[in-house]
Amino acid sequence: MPLNPFVFQKSHKKLYGNLMWKQKSPKLKAILSKDFEVLSADEIAFFTIFVVYRYRNNIFHGNKGVASWLKFQDQIKLCIKVMQTLISFVVEELKKAAEQGDADAQETLRKLSVDRKN
């Protein structure tokens, strides 16, 4: 089933517009036009990161006051959990690559100040 209906169904068009808020992403549009079953792991990761990042930005930016954030506690917690999970996964992959001698991974870990001995 394509992800595309999320974007183009009348009931979801406004939600998609709110999510994107003046942003354009040809890569996201290309992903949304594909069936989920044929998406690569990179495309799924991009989609997840993109949606979480945009959703999180929409919560904290715009015309809303700080008090409105309280209405989004569950969504904020979910965004944080997804971002922490993705970051932890990437750091673990970098650690594995660095231990195998990958100079780029070692440099990235140094830049992130991540102790790869833990």
# chains A, B, ... in the order shown; residues from 1 in each chain; ligands from 1

$ select_by_dssp --residues "region 47-93 of chain A" --states "alpha helix (DSSP H)" --output "VMD selection string"
chain A and resid 47 to 60 73 to 93

$ closest_residue --among "A:Arg56, A:Ile31, A:Gly17, A:Ala98" --to "Lys81 (chain A)" --atoms "only C-alpha atoms"
A:Arg56

$ decode --residues "region 66-111 of chain A" --atoms "N, CA and C atoms" --output "PDB file, in the first residue's frame"
ATOM      1  N   VAL A  66       4.071  29.150  25.156  1.00  0.00           N
ATOM      2  CA  VAL A  66       4.684  28.067  25.914  1.00  0.00           C
ATOM      3  C   VAL A  66       3.618  27.227  26.617  1.00  0.00           C
ATOM      4  N   ALA A  67       2.567  27.858  27.091  1.00  0.00           N
ATOM      5  CA  ALA A  67       1.505  27.130  27.800  1.00  0.00           C
ATOM      6  C   ALA A  67       0.867  26.051  26.921  1.00  0.00           C
ATOM      7  N   SER A  68       0.858  26.250  25.621  1.00  0.00           N
ATOM      8  CA  SER A  68       0.238  25.253  24.737  1.00  0.00           C
ATOM      9  C   SER A  68       1.050  23.959  24.684  1.00  0.00           C
ATOM     10  N   TRP A  69       2.328  24.021  25.056  1.00  0.00           N
ATOM     11  CA  TRP A  69       3.155  22.822  25.028  1.00  0.00           C
ATOM     12  C   TRP A  69       2.593  21.743  25.948  1.00  0.00           C
ATOM     13  N   LEU A  70       1.928  22.160  27.023  1.00  0.00           N
ATOM     14  CA  LEU A  70       1.375  21.186  27.966  1.00  0.00           C
ATOM     15  C   LEU A  70       0.358  20.270  27.300  1.00  0.00           C
ATOM     16  N   LYS A  71      -0.315  20.771  26.280  1.00  0.00           N
ATOM     17  CA  LYS A  71      -1.301  19.959  25.556  1.00  0.00           C
ATOM     18  C   LYS A  71      -0.626  18.872  24.720  1.00  0.00           C
ATOM     19  N   PHE A  72       0.662  19.021  24.490  1.00  0.00           N
ATOM     20  CA  PHE A  72       1.384  18.105  23.612  1.00  0.00           C
ATOM     21  C   PHE A  72       2.385  17.228  24.363  1.00  0.00           C
ATOM     22  N   GLN A  73       2.183  17.033  25.671  1.00  0.00           N
ATOM     23  CA  GLN A  73       3.143  16.255  26.464  1.00  0.00           C
ATOM     24  C   GLN A  73       3.402  14.872  25.882  1.00  0.00           C
ATOM     25  N   ASP A  74       2.343  14.149  25.538  1.00  0.00           N
ATOM     26  CA  ASP A  74       2.517  12.796  25.005  1.00  0.00           C
ATOM     27  C   ASP A  74       3.272  12.814  23.682  1.00  0.00           C
ATOM     28  N   GLN A  75       2.930  13.761  22.813  1.00  0.00           N
ATOM     29  CA  GLN A  75       3.603  13.854  21.515  1.00  0.00           C
ATOM     30  C   GLN A  75       5.070  14.248  21.684  1.00  0.00           C
ATOM     31  N   ILE A  76       5.344  15.158  22.608  1.00  0.00           N
ATOM     32  CA  ILE A  76       6.727  15.577  22.867  1.00  0.00           C
ATOM     33  C   ILE A  76       7.535  14.387  23.367  1.00  0.00           C
ATOM     34  N   LYS A  77       6.969  13.632  24.305  1.00  0.00           N
ATOM     35  CA  LYS A  77       7.662  12.455  24.848  1.00  0.00           C
ATOM     36  C   LYS A  77       7.926  11.427  23.750  1.00  0.00           C
ATOM     37  N   LEU A  78       6.948  11.226  22.870  1.00  0.00           N
ATOM     38  CA  LEU A  78       7.133  10.269  21.782  1.00  0.00           C
ATOM     39  C   LEU A  78       8.224  10.739  20.815  1.00  0.00           C
ATOM     40  N   CYS A  79       8.215  12.017  20.476  1.00  0.00           N
ATOM     41  CA  CYS A  79       9.263  12.561  19.596  1.00  0.00           C
ATOM     42  C   CYS A  79      10.643  12.376  20.227  1.00  0.00           C
ATOM     43  N   ILE A  80      10.755  12.661  21.512  1.00  0.00           N
ATOM     44  CA  ILE A  80      12.035  12.510  22.216  1.00  0.00           C
ATOM     45  C   ILE A  80      12.472  11.050  22.209  1.00  0.00           C
ATOM     46  N   LYS A  81      11.539  10.148  22.474  1.00  0.00           N
ATOM     47  CA  LYS A  81      11.863   8.719  22.503  1.00  0.00           C
ATOM     48  C   LYS A  81      12.356   8.245  21.137  1.00  0.00           C
ATOM     49  N   VAL A  82      11.673   8.661  20.072  1.00  0.00           N
ATOM     50  CA  VAL A  82      12.091   8.260  18.724  1.00  0.00           C
ATOM     51  C   VAL A  82      13.469   8.834  18.411  1.00  0.00           C
ATOM     52  N   MET A  83      13.686  10.112  18.711  1.00  0.00           N
ATOM     53  CA  MET A  83      14.988  10.727  18.426  1.00  0.00           C
ATOM     54  C   MET A  83      16.099  10.066  19.236  1.00  0.00           C
ATOM     55  N   GLN A  84      15.843   9.778  20.525  1.00  0.00           N
ATOM     56  CA  GLN A  84      16.854   9.108  21.354  1.00  0.00           C
ATOM     57  C   GLN A  84      17.177   7.718  20.818  1.00  0.00           C
ATOM     58  N   THR A  85      16.153   6.988  20.391  1.00  0.00           N
ATOM     59  CA  THR A  85      16.357   5.647  19.843  1.00  0.00           C
ATOM     60  C   THR A  85      17.209   5.701  18.585  1.00  0.00           C
ATOM     61  N   LEU A  86      16.888   6.626  17.691  1.00  0.00           N
ATOM     62  CA  LEU A  86      17.652   6.753  16.448  1.00  0.00           C
ATOM     63  C   LEU A  86      19.092   7.171  16.718  1.00  0.00           C
ATOM     64  N   ILE A  87      19.284   8.114  17.601  1.00  0.00           N
ATOM     65  CA  ILE A  87      20.641   8.568  17.929  1.00  0.00           C
ATOM     66  C   ILE A  87      21.434   7.436  18.565  1.00  0.00           C
ATOM     67  N   SER A  88      20.828   6.712  19.493  1.00  0.00           N
ATOM     68  CA  SER A  88      21.508   5.583  20.143  1.00  0.00           C
ATOM     69  C   SER A  88      21.913   4.531  19.121  1.00  0.00           C
ATOM     70  N   PHE A  89      21.021   4.242  18.178  1.00  0.00           N
ATOM     71  CA  PHE A  89      21.319   3.257  17.136  1.00  0.00           C
ATOM     72  C   PHE A  89      22.520   3.712  16.306  1.00  0.00           C
ATOM     73  N   VAL A  90      22.510   4.969  15.886  1.00  0.00           N
ATOM     74  CA  VAL A  90      23.604   5.482  15.055  1.00  0.00           C
ATOM     75  C   VAL A  90      24.927   5.448  15.817  1.00  0.00           C
ATOM     76  N   VAL A  91      24.894   5.844  17.083  1.00  0.00           N
ATOM     77  CA  VAL A  91      26.123   5.840  17.882  1.00  0.00           C
ATOM     78  C   VAL A  91      26.651   4.409  18.031  1.00  0.00           C
ATOM     79  N   GLU A  92      25.778   3.450  18.266  1.00  0.00           N
ATOM     80  CA  GLU A  92      26.211   2.055  18.373  1.00  0.00           C
ATOM     81  C   GLU A  92      26.818   1.555  17.064  1.00  0.00           C
ATOM     82  N   GLU A  93      26.212   1.930  15.944  1.00  0.00           N
ATOM     83  CA  GLU A  93      26.762   1.546  14.639  1.00  0.00           C
ATOM     84  C   GLU A  93      28.124   2.203  14.414  1.00  0.00           C
ATOM     85  N   LEU A  94      28.260   3.458  14.814  1.00  0.00           N
ATOM     86  CA  LEU A  94      29.550   4.142  14.701  1.00  0.00           C
ATOM     87  C   LEU A  94      30.607   3.461  15.565  1.00  0.00           C
ATOM     88  N   LYS A  95      30.229   3.060  16.767  1.00  0.00           N
ATOM     89  CA  LYS A  95      31.167   2.366  17.664  1.00  0.00           C
ATOM     90  C   LYS A  95      31.656   1.072  17.028  1.00  0.00           C
ATOM     91  N   LYS A  96      30.733   0.295  16.454  1.00  0.00           N
ATOM     92  CA  LYS A  96      31.118  -0.960  15.805  1.00  0.00           C
ATOM     93  C   LYS A  96      32.084  -0.706  14.652  1.00  0.00           C
ATOM     94  N   ALA A  97      31.753   0.284  13.834  1.00  0.00           N
ATOM     95  CA  ALA A  97      32.609   0.604  12.685  1.00  0.00           C
ATOM     96  C   ALA A  97      33.970   1.118  13.149  1.00  0.00           C
ATOM     97  N   ALA A  98      33.979   1.945  14.183  1.00  0.00           N
ATOM     98  CA  ALA A  98      35.237   2.491  14.696  1.00  0.00           C
ATOM     99  C   ALA A  98      36.123   1.386  15.251  1.00  0.00           C
ATOM    100  N   GLU A  99      35.521   0.430  15.946  1.00  0.00           N
ATOM    101  CA  GLU A  99      36.291  -0.691  16.499  1.00  0.00           C
ATOM    102  C   GLU A  99      36.901  -1.551  15.403  1.00  0.00           C
ATOM    103  N   GLN A 100      36.310  -1.522  14.229  1.00  0.00           N
ATOM    104  CA  GLN A 100      36.842  -2.286  13.098  1.00  0.00           C
ATOM    105  C   GLN A 100      37.814  -1.450  12.267  1.00  0.00           C
ATOM    106  N   GLY A 101      38.151  -0.258  12.775  1.00  0.00           N
ATOM    107  CA  GLY A 101      39.158   0.555  12.119  1.00  0.00           C
ATOM    108  C   GLY A 101      38.641   1.591  11.147  1.00  0.00           C
ATOM    109  N   ASP A 102      37.349   1.821  11.089  1.00  0.00           N
ATOM    110  CA  ASP A 102      36.782   2.817  10.180  1.00  0.00           C
ATOM    111  C   ASP A 102      37.177   4.218  10.653  1.00  0.00           C
ATOM    112  N   ALA A 103      38.050   4.867   9.893  1.00  0.00           N
ATOM    113  CA  ALA A 103      38.573   6.178  10.281  1.00  0.00           C
ATOM    114  C   ALA A 103      37.483   7.244  10.313  1.00  0.00           C
ATOM    115  N   ASP A 104      36.536   7.185   9.382  1.00  0.00           N
ATOM    116  CA  ASP A 104      35.437   8.156   9.378  1.00  0.00           C
ATOM    117  C   ASP A 104      34.582   8.015  10.635  1.00  0.00           C
ATOM    118  N   ALA A 105      34.299   6.783  11.013  1.00  0.00           N
ATOM    119  CA  ALA A 105      33.515   6.545  12.231  1.00  0.00           C
ATOM    120  C   ALA A 105      34.276   7.025  13.455  1.00  0.00           C
ATOM    121  N   GLN A 106      35.570   6.751  13.492  1.00  0.00           N
ATOM    122  CA  GLN A 106      36.390   7.204  14.622  1.00  0.00           C
ATOM    123  C   GLN A 106      36.376   8.727  14.723  1.00  0.00           C
ATOM    124  N   GLU A 107      36.511   9.393  13.590  1.00  0.00           N
ATOM    125  CA  GLU A 107      36.503  10.857  13.575  1.00  0.00           C
ATOM    126  C   GLU A 107      35.140  11.400  13.995  1.00  0.00           C
ATOM    127  N   THR A 108      34.081  10.793  13.506  1.00  0.00           N
ATOM    128  CA  THR A 108      32.729  11.233  13.876  1.00  0.00           C
ATOM    129  C   THR A 108      32.518  11.088  15.377  1.00  0.00           C
ATOM    130  N   LEU A 109      32.948   9.970  15.939  1.00  0.00           N
ATOM    131  CA  LEU A 109      32.819   9.774  17.387  1.00  0.00           C
ATOM    132  C   LEU A 109      33.636  10.816  18.158  1.00  0.00           C
ATOM    133  N   ARG A 110      34.830  11.119  17.657  1.00  0.00           N
ATOM    134  CA  ARG A 110      35.636  12.164  18.313  1.00  0.00           C
ATOM    135  C   ARG A 110      34.897  13.499  18.280  1.00  0.00           C
ATOM    136  N   LYS A 111      34.304  13.828  17.131  1.00  0.00           N
ATOM    137  CA  LYS A 111      33.573  15.092  17.001  1.00  0.00           C
ATOM    138  C   LYS A 111      32.349  15.125  17.916  1.00  0.00           C
TER     139      LYS A 111
END
